[in-house]
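Source file: protein-v1.txt (compact mmCIF, C-alpha atoms)
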# COMPACT_ATOMS: atom_id res chain seq x y z
CA MET M 6 -15.77 2.39 25.37
CA PRO M 7 -16.55 1.34 21.78
CA TYR M 8 -17.08 -2.36 21.12
CA PRO M 9 -17.96 -4.18 17.91
CA GLU M 10 -20.98 -5.57 19.79
CA THR M 11 -22.44 -2.07 19.93
CA TRP M 12 -22.14 -1.65 16.18
CA LEU M 13 -23.40 -5.20 15.48
CA ARG M 14 -26.49 -4.74 17.63
CA GLY M 15 -27.34 -1.43 15.94
CA ALA M 16 -26.76 -2.81 12.45
CA ILE M 17 -28.94 -5.87 13.13
CA GLU M 18 -31.79 -3.88 14.68
CA LYS M 19 -31.74 -1.33 11.85
CA ALA M 20 -31.73 -4.02 9.16
CA ALA M 21 -34.14 -6.49 10.76
CA GLY M 22 -36.48 -4.08 12.54
CA CYS M 23 -36.62 -6.26 15.64
CA PRO M 24 -34.66 -6.32 18.90
CA ALA M 25 -31.20 -7.89 19.06
CA TRP M 26 -30.22 -9.33 22.44
CA PRO M 27 -26.75 -10.22 23.69
CA MET M 28 -26.30 -13.81 24.86
CA ALA M 29 -29.88 -14.55 25.94
CA VAL M 30 -33.45 -13.33 25.53
CA PRO M 31 -35.78 -12.14 28.29
CA GLU M 32 -38.52 -14.71 28.88
CA ALA M 33 -41.36 -12.50 27.68
CA ALA M 34 -39.58 -11.19 24.57
CA PRO M 35 -41.88 -11.31 21.57
CA VAL M 36 -40.89 -13.20 18.40
CA PRO M 37 -39.15 -12.31 16.10
CA PHE M 38 -35.84 -11.43 17.70
CA VAL M 39 -32.11 -11.86 17.19
CA VAL M 40 -29.48 -13.07 19.66
CA TYR M 41 -25.75 -12.53 19.20
CA ARG M 42 -22.66 -13.75 21.02
CA ARG M 43 -18.91 -13.29 20.52
CA ASN M 44 -17.37 -16.71 19.97
CA SER M 45 -13.69 -15.83 19.67
CA THR M 46 -11.19 -13.04 19.19
CA ILE M 47 -7.90 -13.38 17.35
CA ARG M 48 -5.24 -10.77 18.04
CA GLU M 49 -2.28 -10.64 15.67
CA ARG M 50 1.11 -9.35 16.81
CA THR M 51 4.27 -8.08 15.24
CA LEU M 52 7.52 -9.10 16.91
CA ALA M 53 7.45 -5.81 18.79
CA PHE M 54 3.80 -5.09 19.62
CA GLN M 55 0.09 -5.80 19.19
CA THR M 56 -1.41 -4.78 15.82
CA ALA M 57 -4.60 -3.56 17.58
CA THR M 58 -6.79 -4.87 14.75
CA PRO M 59 -8.42 -7.97 16.28
CA VAL M 60 -10.70 -10.29 14.37
CA ALA M 61 -13.81 -11.19 16.37
CA THR M 62 -16.16 -13.99 15.39
CA PHE M 63 -19.83 -13.57 16.27
CA GLN M 64 -22.62 -16.13 16.24
CA VAL M 65 -26.06 -14.71 15.45
CA TRP M 66 -29.36 -16.52 15.94
CA ILE M 67 -32.38 -15.17 14.06
CA VAL M 68 -35.64 -16.44 15.52
CA ALA M 69 -39.08 -16.12 13.91
CA ASP M 70 -42.43 -17.91 14.07
CA SER M 71 -42.18 -19.45 10.60
CA TYR M 72 -39.40 -20.87 8.51
CA LEU M 73 -39.86 -18.34 5.71
CA ALA M 74 -40.06 -15.45 8.16
CA ALA M 75 -36.76 -16.57 9.69
CA LYS M 76 -35.21 -16.82 6.21
CA ASP M 77 -36.43 -13.35 5.28
CA LEU M 78 -35.14 -11.90 8.52
CA GLY M 79 -31.80 -13.66 7.98
CA GLU M 80 -31.50 -12.02 4.58
CA LYS M 81 -32.23 -8.60 6.09
CA VAL M 82 -29.53 -9.14 8.71
CA ARG M 83 -27.08 -10.27 6.03
CA LEU M 84 -27.76 -7.17 3.95
CA GLY M 85 -27.22 -4.95 6.98
CA VAL M 86 -24.06 -6.55 8.35
CA ASP M 87 -22.18 -8.44 5.62
CA ASN M 88 -19.47 -6.61 3.70
CA PHE M 89 -19.60 -3.51 5.90
CA ASN M 90 -16.53 -1.39 6.29
CA GLY M 91 -16.31 2.07 7.76
CA SER M 92 -17.11 3.80 11.02
CA GLY M 93 -19.88 2.84 13.37
CA ALA M 94 -20.64 3.14 17.10
CA GLY M 95 -17.38 5.04 17.64
CA LEU M 96 -15.37 2.25 16.06
CA THR M 97 -13.51 1.73 12.79
CA ILE M 98 -14.51 -1.57 11.24
CA ASP M 99 -12.18 -2.90 8.56
CA HIS M 100 -14.59 -5.58 7.44
CA ALA M 101 -17.61 -7.59 8.49
CA PHE M 102 -18.00 -10.86 6.60
CA LEU M 103 -20.76 -13.44 6.76
CA THR M 104 -18.72 -16.64 6.83
CA ASP M 105 -21.38 -19.29 7.49
CA GLU M 106 -25.15 -19.69 7.60
CA SER M 107 -27.31 -22.64 8.57
CA ASP M 108 -30.78 -23.64 9.76
CA GLY M 109 -31.07 -24.10 13.50
CA GLU M 110 -33.27 -26.30 15.64
CA VAL M 111 -37.06 -25.97 15.60
CA ASP M 112 -38.03 -25.04 19.14
CA TYR M 113 -41.35 -25.56 20.95
CA ASP M 114 -41.50 -23.10 23.82
CA GLU M 115 -43.39 -24.07 26.95
CA GLY M 116 -47.09 -23.30 26.58
CA GLN M 117 -46.77 -22.59 22.86
CA ASP M 118 -48.41 -24.81 20.28
CA LYS M 119 -46.51 -23.24 17.36
CA PRO M 120 -42.77 -23.78 16.98
CA THR M 121 -40.14 -21.10 16.42
CA TYR M 122 -37.56 -21.40 13.65
CA THR M 123 -33.94 -20.31 13.88
CA ILE M 124 -31.37 -19.27 11.29
CA GLN M 125 -27.75 -19.25 12.48
CA GLN M 126 -25.20 -16.92 10.96
CA ILE M 127 -21.53 -16.46 11.75
CA TYR M 128 -19.78 -13.15 11.14
CA GLU M 129 -16.11 -12.28 11.15
CA ILE M 130 -15.47 -8.66 12.12
CA ARG M 131 -12.04 -7.00 12.02
CA TYR M 132 -11.99 -3.73 13.93
CA CYS M 133 -9.50 -1.20 15.25
CA GLU M 134 -9.03 -1.52 18.97
CA THR M 135 -8.23 1.41 21.24
CA ARG M 136 -4.56 1.23 22.28
CA MET P 18 22.66 -21.70 25.51
CA ALA P 19 19.84 -19.62 26.97
CA ILE P 20 16.44 -19.74 25.28
CA ALA P 21 15.35 -16.20 24.49
CA ASP P 22 11.99 -14.69 23.58
CA SER P 23 11.50 -13.38 20.02
CA GLN P 24 9.20 -10.61 21.24
CA GLY P 25 10.85 -7.22 21.36
CA THR P 26 12.71 -7.86 18.10
CA THR P 27 13.01 -4.78 15.91
CA PHE P 28 14.14 -4.65 12.30
CA THR P 29 15.20 -1.57 10.33
CA PHE P 30 16.49 -1.11 6.80
CA ASN P 31 17.31 2.25 5.23
CA ALA P 32 16.03 3.96 8.42
CA ILE P 33 12.58 2.34 8.01
CA ALA P 34 11.30 0.37 11.02
CA PHE P 35 9.34 -2.60 9.70
CA LEU P 36 6.28 -4.00 11.50
CA ALA P 37 8.02 -7.33 11.49
CA THR P 38 6.32 -10.64 12.18
CA ASN P 39 9.26 -12.85 11.24
CA VAL P 40 12.96 -12.09 10.78
CA LYS P 41 15.36 -14.79 9.67
CA VAL P 42 19.09 -14.75 9.00
CA MET P 43 20.57 -17.53 6.87
CA SER P 44 24.16 -18.46 6.23
CA SER P 45 25.50 -20.84 3.62
CA VAL P 46 28.77 -21.62 1.93
CA ASN P 47 29.40 -22.07 -1.76
CA GLU P 48 31.18 -25.35 -2.26
CA ILE P 49 33.30 -26.64 -5.08
CA ASP P 50 33.90 -30.27 -5.91
CA ALA P 51 37.63 -30.81 -5.43
CA SER P 52 37.49 -34.56 -6.11
CA THR P 53 40.37 -36.04 -8.08
CA LEU P 54 40.73 -39.24 -10.07
CA ASP P 55 42.89 -40.79 -7.39
CA LEU P 56 39.92 -41.13 -5.06
CA ALA P 57 38.91 -44.73 -4.66
CA SER P 58 35.81 -45.89 -6.49
CA GLY P 59 32.76 -45.54 -4.25
CA SER P 60 34.35 -43.02 -1.91
CA MET P 61 32.76 -39.68 -1.08
CA ARG P 62 33.40 -36.62 -3.18
CA ALA P 63 35.80 -34.10 -1.66
CA TYR P 64 34.16 -30.71 -1.32
CA GLN P 65 35.77 -27.49 -0.15
CA PRO P 66 34.60 -23.90 0.29
CA ALA P 67 34.75 -21.77 -2.86
CA PRO P 68 37.43 -19.04 -2.94
CA LEU P 69 34.73 -16.36 -2.97
CA LYS P 70 31.70 -16.35 -0.72
CA ASP P 71 28.32 -14.64 -0.53
CA GLY P 72 27.17 -12.53 2.38
CA ASP P 73 24.56 -13.99 4.70
CA THR P 74 20.95 -13.44 3.71
CA VAL P 75 18.27 -11.90 5.89
CA SER P 76 14.54 -12.24 5.28
CA CYS P 77 11.76 -10.27 6.92
CA GLN P 78 7.98 -10.67 6.86
CA TYR P 79 5.94 -7.69 7.96
CA PHE P 80 2.55 -5.98 8.12
CA GLY P 81 2.12 -3.14 5.63
CA THR P 82 3.29 -2.49 2.11
CA GLN P 83 6.85 -1.30 2.55
CA ARG P 84 8.94 -1.62 -0.62
CA PRO P 85 12.60 -1.43 0.39
CA ALA P 86 14.94 0.45 -1.97
CA MET P 87 16.99 -1.91 -4.14
CA ASP P 88 19.40 0.54 -5.78
CA LYS P 89 22.34 0.21 -3.38
CA ASN P 90 23.42 -1.00 0.06
CA TYR P 91 21.65 0.61 3.00
CA ALA P 92 21.99 0.35 6.76
CA ILE P 93 20.37 -2.75 8.24
CA ALA P 94 19.88 -3.54 11.92
CA CYS P 95 18.28 -6.25 13.99
CA ALA P 96 19.74 -6.15 17.46
CA LYS P 97 18.18 -9.39 18.71
CA LEU P 98 19.81 -11.32 15.86
CA GLY P 99 23.06 -9.36 16.17
CA ILE P 100 22.83 -7.79 12.69
CA SER P 101 24.34 -4.36 12.13
CA GLY P 102 25.83 -2.93 8.95
CA LEU P 103 24.94 -2.64 5.29
CA ALA P 104 22.81 -4.82 3.05
CA LEU P 105 21.33 -4.88 -0.43
CA CYS P 106 17.62 -5.60 -0.79
CA THR P 107 17.41 -8.35 -3.40
CA LYS P 108 13.66 -9.06 -3.39
CA TRP P 109 10.37 -7.76 -1.96
CA GLU P 110 6.74 -8.82 -2.18
CA ASN P 111 3.44 -7.21 -1.13
CA GLU P 112 0.34 -9.32 -0.56
CA ALA P 113 -3.38 -8.58 -0.19
CA LYS P 114 -5.49 -11.50 1.00
CA VAL P 115 -9.22 -11.79 1.73
CA GLY P 116 -10.00 -10.86 5.33
CA GLU P 117 -6.38 -10.31 6.30
CA LEU P 118 -4.07 -7.37 6.81
CA LEU P 119 -1.84 -6.21 3.97
CA THR P 120 1.52 -7.89 4.34
CA GLY P 121 4.95 -7.80 2.74
CA SER P 122 8.20 -9.68 2.75
CA ALA P 123 11.72 -8.82 1.67
CA GLU P 124 15.12 -10.42 1.36
CA PHE P 125 18.49 -8.80 1.92
CA ARG P 126 22.12 -9.74 1.28
CA LEU P 127 24.57 -8.55 3.92
CA SER P 128 27.55 -6.75 2.41
CA GLY P 129 31.23 -6.72 3.32
CA GLY P 130 32.04 -5.33 6.76
CA THR P 131 28.65 -6.16 8.21
CA THR P 132 28.75 -7.89 11.56
CA ARG P 133 26.55 -10.72 12.60
CA ASP P 134 26.67 -12.57 15.88
CA ASP P 135 26.59 -16.26 15.04
CA GLY P 136 25.88 -17.19 18.64
CA THR P 137 28.72 -19.68 18.89
CA ASP P 138 30.79 -18.02 21.58
CA ALA P 139 30.18 -17.42 25.25
CA THR P 140 30.41 -13.65 25.03
CA ASP P 141 27.57 -13.42 22.51
CA GLY P 142 29.54 -10.66 20.77
CA THR P 143 30.23 -9.78 17.17
CA ASP P 144 32.13 -12.82 16.14
CA THR P 145 31.39 -12.95 12.41
CA THR P 146 32.46 -10.17 10.10
CA THR P 147 31.82 -10.45 6.39
CA PRO P 148 35.11 -9.57 4.64
Can you give me the file's structure in the form of structure tokens?
Amino acid sequence: MPYPETWLRGAIEKAAGCPAWPMAVPEAAPVPFVVYRRNSTIRERTLAFQTATPVATFQVWIVADSYLAAKDLGEKVRLGVDNFNGSGAGLTIDHAFLTDESDGEVDYDEGQDKPTYTIQQIYEIRYCETR
Amino acid sequence: MAIADSQGTTFTFNAIAFLATNVKVMSSVNEIDASTLDLASGSMRAYQPAPLKDGDTVSCQYFGTQRPAMDKNYAIACAKLGISGLALCTKWENEAKVGELLTGSAEFRLSGGTTRDDGTDATDGTDTTTP
């Protein structure tokens, strides 16, 4: 079954050149990496039926070992995902918009003396759902 | 009076089934001021219905870019609101908005002979006929 997650993961990995993980990262995953999660899905209806073009909102965390590296990676992800429309991963995507971007927390992993830096991005993706 | 669900409502005009998100029927009466000088000072004006009246109006909001024909009366039907007969399209609009589906809206004036259930009787039948 096609999902927007499949397209999003592929688009991020192609643009950023690093792995994109759903929800959480394996403990030994090397930095940099990207994590994505669906935050919400809005389904519009007519009075008679479902339009089958939901709008899903995704949160994306871009993690790197320096602030500038995280920023650069964030830009690569933006260029690969924002403003896309067309077919991908067996799905028709009407639009993918970057709607918000912010700096995340600086994180000191256990046993690490260098912090990791996070950029957060939020994407809105409208796609055609199988009926 | 029973509370009914709007879902399942269908709306057609000129044999076109609209992807309706909102259908509204509105009735009003043209009034004339029949006040005379013999009314006491400070009393209320005396209004009465005008000798001629307008047909009820129907508005519809929908997904898509339908542009209803405006050249003459066409068949109109909305079973859930008890509308069946002829109407003239008096206005339409199409709208494109960032991140949203294309939408439209239109207004119609019911013509003479068109029936509309006004919901005031127990039989829920066709109890209003535009002369």
Q: Could you check which of P:Ile33, P:Leu54, P:Val75, P:Ala63 is closest to Ala92 (chain P), using all atoms listed in the file?
A: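 Answer, going by the shortest atom-to-atom distance: P:Ile33.
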Q: Counting all atoms listed in the file, collect the residues of chain M whose closest atom lies at most 6 Å from chain P, and write them out as a list in words.
A: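 Close to chain P, chain M has Thr51, Leu52 and Ala53 of chain M.
Checking M:Tyr41, M:Tyr8, M:Tyr132, M:Phe54 one by one against Ile98 (chain M), counting all atoms listed in the file, you find the shortest gap at M:Tyr132.
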Q) Between CA of Leu119 (chain P) and CA of Thr56 (chain M), what is the spacing in Å? A)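 Computing it gives 11.9 Å between the two atoms.
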(Q) Can you measure CA of Glu110 (chain M) to CA of Phe63 (chain M) for me? One decimal in Å is fine. (A)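 Calculated distance between CA of Glu110 (chain M) and CA of Phe63 (chain M) is 18.5 Å.
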Q. Separation of CA of Thr46 (chain M) and CA of Thr62 (chain M), in Å?
A.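 Pair CA of Thr46 (chain M) / CA of Thr62 (chain M) returns 6.3 Å.
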Could you pull region 110-134 of chain P out of the block above and save it with C-alpha atoms, as a PDB file, in the first residue's frame?
ATOM      1  CA  GLU P 110     -17.667  31.870  -7.950  1.00  0.00           C
ATOM      2  CA  ASN P 111     -14.540  29.719  -8.303  1.00  0.00           C
ATOM      3  CA  GLU P 112     -11.705  29.971  -5.792  1.00  0.00           C
ATOM      4  CA  ALA P 113      -8.087  28.794  -5.708  1.00  0.00           C
ATOM      5  CA  LYS P 114      -6.375  29.095  -2.323  1.00  0.00           C
ATOM      6  CA  VAL P 115      -2.869  28.162  -1.179  1.00  0.00           C
ATOM      7  CA  GLY P 116      -2.701  24.556   0.003  1.00  0.00           C
ATOM      8  CA  GLU P 117      -6.404  23.914  -0.467  1.00  0.00           C
ATOM      9  CA  LEU P 118      -8.618  22.206  -3.007  1.00  0.00           C
ATOM     10  CA  LEU P 119     -10.227  24.248  -5.765  1.00  0.00           C
ATOM     11  CA  THR P 120     -13.678  25.264  -4.632  1.00  0.00           C
ATOM     12  CA  GLY P 121     -16.755  26.984  -6.011  1.00  0.00           C
ATOM     13  CA  SER P 122     -20.044  28.394  -4.882  1.00  0.00           C
ATOM     14  CA  ALA P 123     -23.262  29.281  -6.659  1.00  0.00           C
ATOM     15  CA  GLU P 124     -26.629  30.832  -5.946  1.00  0.00           C
ATOM     16  CA  PHE P 125     -29.953  29.926  -7.500  1.00  0.00           C
ATOM     17  CA  ARG P 126     -33.452  31.424  -7.550  1.00  0.00           C
ATOM     18  CA  LEU P 127     -36.274  28.897  -7.529  1.00  0.00           C
ATOM     19  CA  SER P 128     -38.829  29.573 -10.249  1.00  0.00           C
ATOM     20  CA  GLY P 129     -42.607  29.260 -10.314  1.00  0.00           C
ATOM     21  CA  GLY P 130     -43.964  25.749  -9.823  1.00  0.00           C
ATOM     22  CA  THR P 131     -40.944  24.546  -7.895  1.00  0.00           C
ATOM     23  CA  THR P 132     -41.739  22.685  -4.720  1.00  0.00           C
ATOM     24  CA  ARG P 133     -39.915  23.045  -1.478  1.00  0.00           C
ATOM     25  CA  ASP P 134     -40.725  21.308   1.757  1.00  0.00           C
TER      26      ASP P 134
END
